Structures are given as structure tokens and as C-alpha cells.
Amino acid sequence: MAALYKILPDIERTNARVMLMNDSFLLHRNVPELLDDKCGGVCGLAWTAPPNDPERHIQSYLRSVSACEAHNYMAFYEKSRGSVHNVNELIQHFEMNLDWASSTGSVSAEYEYAGAHPDADEAQKVLISRGYPAIKLKKFFETSDPWLSQEEGIRPRLPPSFSAVVYRKMNHDLNHLSEVDLENHFAEWGKDEGRIYSATRKLVMKRWMEEELRKMGEAGESTMGI
């Protein structure tokens with residue numbers, strides 16, 4: 001936000017678009033579509049839910065905004081920042097929430113909802129095959145742990161290598177949870193979301209992602225080295 005404060009006068013003077021980024025992610029191609037004013041006042045990569053879902057928003061780690069919407073965003077930040085007390089509230093207020101945009105019609109995404117949140121493997125497989133350009137680093141790897149392939153009901157509720165400290169550190173949206181709540185979150189949802197939870201188990205590239213990126217390279221598309 002400090003950087004946006006500094007350049008906002010130049011943005012308004014030149015009517016330039018601004019790219020807002022957070023989190024750590026890889027781009028395997030350029031994204032000129034996000035810099036085109038035709039995409040609207042606020043333009044993101046993908047919708048996270050179907051149109052009738054009240055929590056639907058655009059994927060927040062990479063989006064562009066017009067000069068007008070940059071001004072609106074800063075005004076909203078000044079008005080609302082005092083009500084944010086943890087990372088989860090910050091995500092809800094300043095990433096997922098789009099009420100600060102001048103109108104609903106000014107918000108768009110390059111890719112429609114793909115059946116699940118864009119970070120989920122089932123959606124990523126669909127989106128990347130359609131040219132989706134971004135992969136979150138924390139979704140790039142999976143934990144190599146035999147516990148994950150064991151049947152529920154037979155395996156322990158938590159992996160022997162589970163660490164609440166690591167789970168909180170590697171998943172900033174959960175840093176407001178207690179140790180017990182972190183354990184419950186993993187047991188209920190985290191185990192199926194590919195979240196990192198161990199300091200002792202090796203992280204490996206997801207096999208399907210490795211194959212997809214290799215296909216891109218073989219087809220002559222610009223992509224990362226595997």
C-alpha cells in the first residue's frame with residue numbers, strides 16, 4: 001500500500017493501469033490481457049465461485065485496476081484499515097471484498113469459474129489447459145507422506161509429522177487460529193487442499209503439474225525449466 005500511495009498521483013495524471021500482486025506465484029506466460037482497459041475497472045484471472053454464490057470474487061493474488069479504481073481502493077483502505085486485526089480479516093476486507101469498486105459491471109475475470117476454487121487441483125488442471133498463466137508456489141508442491149494415501153478410519157486423525165507451527169506459518173490465512181483449531185482445520189479441510197503441514201516430510205512437485213508444464217515446453221511455449 002505504501003508503494004501505491006507513492007505512485008497514485010502519477011497513476012491519476014497518466015490514467016495508467018496498476019497491477020496489484022500478493023502471495024508468491026509463478027507466471028509461465030505474459031499477461032497483456034490484464035493491462036488492456038477493455039477488461040474493465042478491476043480485472044483478475046479467474047472467478048472463484050459460480051455467479052449465484054455470495055462469496056464469489058476474482059482470484060486476488062494478481063489483478064489490475066484502472067486509475068479510477070486505484071483511487072477507490074485507496075479510499076476504501078483508509079476507511080477500513082482500522083477494522084482489520086489479523087491476516088484472515090485482511091484477506092476478507094482487501095482481497096476478497098469488491099464493494100469498493102465503482103460498480104459490479106466494472107469487475108471482470110479472464111477465466112470463468114472452473115468447478116472449484118482456482119487454487120484447487122481439479123480447477124487448476126482445467127484452467128492451465130486453457131492457458132491460465134499463474135501457479136501459486138504453495139500449490140506447486142505436495143507433501144510426500146504415506147499418511148496421505150492411507151485409508152481414513154485406519155490412519156491416525158493427524159499425520160505423525162503434522163506440526164501446528166508449520167501449518168500456521170505456511171498458511172497465513174490461518175494464523176489467527178489456535179493450535180487445536182489448526183489441527184481441526186487440517187483434519188477437516190487442509191488434508192484435501194494440499195496444504196503444507198510438515199517440516200520433516202519432503203515436498204515434491206505435483207506429478208500432473210510437472211507433466212502439463214513439460215507439454216508446454218515441448219509445444220514450444222515459454223515455460224519454466226523442470
# chains A, B, ... in the order shown; residues from 1 in each chain; ligands from 1
call {"tool": "closest_atom_pairs", "arguments": {"of": "segment 87-130 of chain A", "to": "segment 180-196 of chain A", "cutoff": "10 Å", "atoms": "only C-alpha atoms", "output": "CSV"}}
result
residue,atom,partner,partner_atom,distance
A:Asp119,CA,A:Glu193,CA,8.7
A:Ala120,CA,A:Glu193,CA,6.8
A:Asp121,CA,A:Glu193,CA,8.3
call {"tool": "write_last_selection", "arguments": {"atoms": "N, CA, C and O atoms", "output": "PDB file, in the first residue's frame"}}
result
ATOM      1  N   ASP A 119      -7.390 -22.336  -7.022  1.00  0.00           N
ATOM      2  CA  ASP A 119      -6.213 -22.947  -6.403  1.00  0.00           C
ATOM      3  C   ASP A 119      -6.329 -24.466  -6.294  1.00  0.00           C
ATOM      4  O   ASP A 119      -5.330 -25.147  -6.091  1.00  0.00           O
ATOM      5  N   ALA A 120      -7.545 -24.988  -6.375  1.00  0.00           N
ATOM      6  CA  ALA A 120      -7.755 -26.430  -6.215  1.00  0.00           C
ATOM      7  C   ALA A 120      -7.230 -27.170  -7.441  1.00  0.00           C
ATOM      8  O   ALA A 120      -7.331 -26.689  -8.574  1.00  0.00           O
ATOM      9  N   ASP A 121      -6.690 -28.364  -7.223  1.00  0.00           N
ATOM     10  CA  ASP A 121      -6.105 -29.134  -8.322  1.00  0.00           C
ATOM     11  C   ASP A 121      -7.095 -29.370  -9.455  1.00  0.00           C
ATOM     12  O   ASP A 121      -6.739 -29.258 -10.631  1.00  0.00           O
TER      13      ASP A 121
END
call {"tool": "residues_around", "arguments": {"residues": "segment 151-164 of chain A", "least_positions_apart": "2", "cutoff": "7 Å", "atoms": "only C-alpha atoms", "output": "MDAnalysis selection string"}}
result
chainID A and resid 147 149 166:168 179 182:183 187 197:198 200
call {"tool": "select_by_dssp", "arguments": {"residues": "segment 1-171 of chain A", "states": "alpha helix (DSSP H)", "output": "VMD selection string"}}
result
chain A and resid 2 to 14 67 to 80 87 to 91 121 to 129 164 to 170
call {"tool": "residues_around", "arguments": {"residues": "Arg17 of chain A", "least_positions_apart": "5", "cutoff": "9 Å", "atoms": "only C-alpha atoms", "output": "compact mmCIF listing (two decimals) with C-alpha atoms, in the first residue's frame"}}
result
# COMPACT_ATOMS: atom_id res chain seq x y z
CA ILE A 11 -1.31 6.98 -11.98
CA LEU A 34 -4.70 -7.66 -17.69
CA LEU A 35 -3.23 -4.40 -18.95
CA ASP A 36 -5.97 -3.79 -21.54
CA ASP A 37 -8.57 -1.22 -20.43
CA GLY A 41 -12.04 -1.22 -13.95
CA SER A 64 -5.13 -4.93 -12.46
CA VAL A 65 -7.12 -1.81 -11.72
CA SER A 66 -7.79 1.38 -13.64
CA ALA A 67 -6.63 4.75 -12.31
CA ALA A 70 -6.95 2.55 -7.77
call {"tool": "residues_around", "arguments": {"residues": "His176 of chain A", "least_positions_apart": "6", "cutoff": "9 Å", "atoms": "only C-alpha atoms", "output": "number ranges by chain"}}
result
A: 86-88, 168
call {"tool": "write_last_selection", "arguments": {"atoms": "all heavy atoms", "output": "PDB file, in the first residue's frame"}}
result
ATOM      1  N   ASN A  86      -6.210  -9.162  11.915  1.00  0.00           N
ATOM      2  CA  ASN A  86      -5.425 -10.359  11.625  1.00  0.00           C
ATOM      3  C   ASN A  86      -5.424 -10.605  10.123  1.00  0.00           C
ATOM      4  O   ASN A  86      -6.124  -9.914   9.361  1.00  0.00           O
ATOM      5  CB  ASN A  86      -5.961 -11.586  12.383  1.00  0.00           C
ATOM      6  CG  ASN A  86      -7.431 -11.856  12.097  1.00  0.00           C
ATOM      7  OD1 ASN A  86      -7.826 -12.029  10.943  1.00  0.00           O
ATOM      8  ND2 ASN A  86      -8.239 -11.917  13.150  1.00  0.00           N
ATOM      9  N   VAL A  87      -4.632 -11.582   9.691  1.00  0.00           N
ATOM     10  CA  VAL A  87      -4.479 -11.841   8.259  1.00  0.00           C
ATOM     11  C   VAL A  87      -5.790 -12.283   7.630  1.00  0.00           C
ATOM     12  O   VAL A  87      -6.113 -11.896   6.500  1.00  0.00           O
ATOM     13  CB  VAL A  87      -3.382 -12.897   8.007  1.00  0.00           C
ATOM     14  CG1 VAL A  87      -3.326 -13.291   6.537  1.00  0.00           C
ATOM     15  CG2 VAL A  87      -2.025 -12.358   8.446  1.00  0.00           C
ATOM     16  N   ASN A  88      -6.571 -13.084   8.354  1.00  0.00           N
ATOM     17  CA  ASN A  88      -7.842 -13.542   7.791  1.00  0.00           C
ATOM     18  C   ASN A  88      -8.768 -12.365   7.493  1.00  0.00           C
ATOM     19  O   ASN A  88      -9.400 -12.307   6.431  1.00  0.00           O
ATOM     20  CB  ASN A  88      -8.517 -14.510   8.769  1.00  0.00           C
ATOM     21  CG  ASN A  88      -9.774 -15.127   8.200  1.00  0.00           C
ATOM     22  OD1 ASN A  88      -9.754 -15.770   7.159  1.00  0.00           O
ATOM     23  ND2 ASN A  88     -10.893 -14.933   8.874  1.00  0.00           N
ATOM     24  N   ARG A 168       0.572 -23.217  10.547  1.00  0.00           N
ATOM     25  CA  ARG A 168       0.241 -21.795  10.668  1.00  0.00           C
ATOM     26  C   ARG A 168       1.203 -20.946   9.831  1.00  0.00           C
ATOM     27  O   ARG A 168       0.773 -20.025   9.122  1.00  0.00           O
ATOM     28  CB  ARG A 168       0.304 -21.359  12.130  1.00  0.00           C
ATOM     29  CG  ARG A 168      -0.019 -19.876  12.324  1.00  0.00           C
ATOM     30  CD  ARG A 168       0.182 -19.433  13.750  1.00  0.00           C
ATOM     31  NE  ARG A 168      -0.852 -19.932  14.633  1.00  0.00           N
ATOM     32  CZ  ARG A 168      -0.634 -20.765  15.640  1.00  0.00           C
ATOM     33  NH1 ARG A 168       0.596 -21.210  15.880  1.00  0.00           N
ATOM     34  NH2 ARG A 168      -1.631 -21.162  16.413  1.00  0.00           N
TER      35      ARG A 168
END
call {"tool": "atom_distance", "arguments": {"atom1": "atom CA of Ile135 of chain A", "atom2": "atom CA of Arg63 of chain A"}}
result
14.1 Å
call {"tool": "residues_around", "arguments": {"residues": "Leu4 of chain A", "least_positions_apart": "4", "cutoff": "9 Å", "atoms": "only C-alpha atoms", "output": "list in words"}}
result
Leu8, Val18, Ala70 and Met74 of chain A
call {"tool": "closest_residue", "arguments": {"among": "A:Val31, A:Val107, A:Leu20, A:Leu177", "to": "Gly131 of chain A", "atoms": "only C-alpha atoms"}}
result
A:Val31
call {"tool": "atom_distance", "arguments": {"atom1": "atom CA of Phe76 of chain A", "atom2": "atom CA of Asp173 of chain A"}}
result
21.2 Å
call {"tool": "atom_distance", "arguments": {"atom1": "atom CA of Glu218 of chain A", "atom2": "atom CA of Glu122 of chain A"}}
result
23.1 Å
call {"tool": "decode", "arguments": {"residues": "segment 105-148 of chain A", "atoms": "N, CA and C atoms", "output": "short mmCIF file (atom, residue, chain, number, x, y, z; two decimals), in the first residue's frame"}}
result
data_model
loop_
_atom_site.label_atom_id
_atom_site.label_comp_id
_atom_site.auth_asym_id
_atom_site.auth_seq_id
_atom_site.Cartn_x
_atom_site.Cartn_y
_atom_site.Cartn_z
N GLY A 105 -20.37 -4.13 -12.64
CA GLY A 105 -20.03 -4.35 -14.04
C GLY A 105 -18.60 -4.01 -14.38
N SER A 106 -17.92 -3.28 -13.47
CA SER A 106 -16.54 -2.89 -13.77
C SER A 106 -15.55 -3.97 -13.37
N VAL A 107 -16.04 -5.06 -12.76
CA VAL A 107 -15.18 -6.15 -12.31
C VAL A 107 -15.31 -7.31 -13.29
N SER A 108 -14.17 -7.83 -13.74
CA SER A 108 -14.19 -8.94 -14.69
C SER A 108 -13.05 -9.90 -14.41
N ALA A 109 -13.13 -11.08 -15.00
CA ALA A 109 -12.07 -12.08 -14.89
C ALA A 109 -11.85 -12.69 -16.26
N GLU A 110 -10.62 -13.05 -16.55
CA GLU A 110 -10.29 -13.63 -17.85
C GLU A 110 -10.81 -15.06 -17.99
N TYR A 111 -11.00 -15.75 -16.87
CA TYR A 111 -11.46 -17.13 -16.90
C TYR A 111 -12.66 -17.29 -15.98
N GLU A 112 -13.68 -17.98 -16.47
CA GLU A 112 -14.87 -18.23 -15.67
C GLU A 112 -14.58 -19.32 -14.64
N TYR A 113 -15.46 -19.44 -13.70
CA TYR A 113 -15.37 -20.47 -12.65
C TYR A 113 -15.22 -21.84 -13.30
N ALA A 114 -14.27 -22.63 -12.79
CA ALA A 114 -13.94 -23.93 -13.41
C ALA A 114 -14.36 -25.12 -12.57
N GLY A 115 -15.40 -24.94 -11.75
CA GLY A 115 -15.91 -26.05 -10.97
C GLY A 115 -15.39 -26.14 -9.55
N ALA A 116 -14.37 -25.36 -9.25
CA ALA A 116 -13.79 -25.31 -7.91
C ALA A 116 -12.96 -24.03 -7.81
N HIS A 117 -12.50 -23.71 -6.60
CA HIS A 117 -11.64 -22.55 -6.44
C HIS A 117 -10.41 -22.71 -7.35
N PRO A 118 -9.95 -21.64 -7.99
CA PRO A 118 -8.81 -21.75 -8.93
C PRO A 118 -7.54 -22.36 -8.35
N ASP A 119 -7.39 -22.34 -7.02
CA ASP A 119 -6.21 -22.95 -6.40
C ASP A 119 -6.33 -24.47 -6.29
N ALA A 120 -7.55 -24.99 -6.37
CA ALA A 120 -7.76 -26.43 -6.21
C ALA A 120 -7.23 -27.17 -7.44
N ASP A 121 -6.69 -28.36 -7.22
CA ASP A 121 -6.11 -29.13 -8.32
C ASP A 121 -7.10 -29.37 -9.46
N GLU A 122 -8.35 -29.72 -9.13
CA GLU A 122 -9.31 -30.03 -10.18
C GLU A 122 -9.58 -28.83 -11.08
N ALA A 123 -9.56 -27.62 -10.49
CA ALA A 123 -9.75 -26.41 -11.29
C ALA A 123 -8.47 -26.04 -12.02
N GLN A 124 -7.33 -26.18 -11.35
CA GLN A 124 -6.04 -25.85 -11.98
C GLN A 124 -5.81 -26.68 -13.24
N LYS A 125 -6.17 -27.95 -13.18
CA LYS A 125 -5.98 -28.82 -14.36
C LYS A 125 -6.77 -28.31 -15.55
N VAL A 126 -7.98 -27.84 -15.29
CA VAL A 126 -8.82 -27.29 -16.36
C VAL A 126 -8.28 -25.96 -16.85
N LEU A 127 -7.97 -25.07 -15.92
CA LEU A 127 -7.56 -23.72 -16.26
C LEU A 127 -6.23 -23.69 -16.99
N ILE A 128 -5.24 -24.42 -16.50
CA ILE A 128 -3.92 -24.41 -17.15
C ILE A 128 -4.01 -24.95 -18.57
N SER A 129 -4.86 -25.94 -18.79
CA SER A 129 -5.02 -26.47 -20.15
C SER A 129 -5.66 -25.44 -21.08
N ARG A 130 -6.29 -24.42 -20.50
CA ARG A 130 -6.93 -23.34 -21.29
C ARG A 130 -6.05 -22.10 -21.38
N GLY A 131 -4.83 -22.18 -20.85
CA GLY A 131 -3.92 -21.04 -20.94
C GLY A 131 -3.77 -20.22 -19.69
N TYR A 132 -4.40 -20.65 -18.59
CA TYR A 132 -4.28 -19.93 -17.32
C TYR A 132 -2.80 -19.76 -16.97
N PRO A 133 -2.36 -18.52 -16.68
CA PRO A 133 -0.91 -18.27 -16.62
C PRO A 133 -0.22 -18.41 -15.28
N ALA A 134 -0.95 -18.61 -14.19
CA ALA A 134 -0.34 -18.48 -12.87
C ALA A 134 -0.48 -19.75 -12.03
N ILE A 135 0.55 -20.02 -11.24
CA ILE A 135 0.54 -21.13 -10.30
C ILE A 135 1.09 -20.64 -8.98
N LYS A 136 0.29 -20.73 -7.92
CA LYS A 136 0.79 -20.35 -6.60
C LYS A 136 1.89 -21.31 -6.17
N LEU A 137 2.96 -20.76 -5.60
CA LEU A 137 4.06 -21.62 -5.19
C LEU A 137 3.63 -22.64 -4.13
N LYS A 138 2.74 -22.24 -3.23
CA LYS A 138 2.33 -23.19 -2.20
C LYS A 138 1.39 -24.26 -2.76
N LYS A 139 0.93 -24.08 -4.02
CA LYS A 139 0.12 -25.10 -4.67
C LYS A 139 0.95 -25.89 -5.69
N PHE A 140 2.21 -25.53 -5.82
CA PHE A 140 3.10 -26.14 -6.81
C PHE A 140 3.61 -27.49 -6.31
N PHE A 141 3.72 -27.60 -4.99
CA PHE A 141 4.27 -28.81 -4.38
C PHE A 141 3.21 -29.55 -3.57
N GLU A 142 3.50 -30.80 -3.28
CA GLU A 142 2.70 -31.57 -2.35
C GLU A 142 3.64 -32.30 -1.39
N THR A 143 3.12 -32.67 -0.25
CA THR A 143 3.95 -33.34 0.76
C THR A 143 4.05 -34.83 0.45
N SER A 144 5.26 -35.32 0.44
CA SER A 144 5.48 -36.76 0.24
C SER A 144 5.33 -37.45 1.59
N ASP A 145 4.15 -38.02 1.81
CA ASP A 145 3.84 -38.60 3.12
C ASP A 145 2.91 -39.79 2.91
N PRO A 146 3.31 -41.00 3.30
CA PRO A 146 2.44 -42.17 3.11
C PRO A 146 1.11 -42.03 3.83
N TRP A 147 1.03 -41.18 4.86
CA TRP A 147 -0.23 -40.97 5.58
C TRP A 147 -1.33 -40.52 4.64
N LEU A 148 -0.98 -39.69 3.65
CA LEU A 148 -1.98 -39.14 2.75
C LEU A 148 -2.68 -40.20 1.89
#
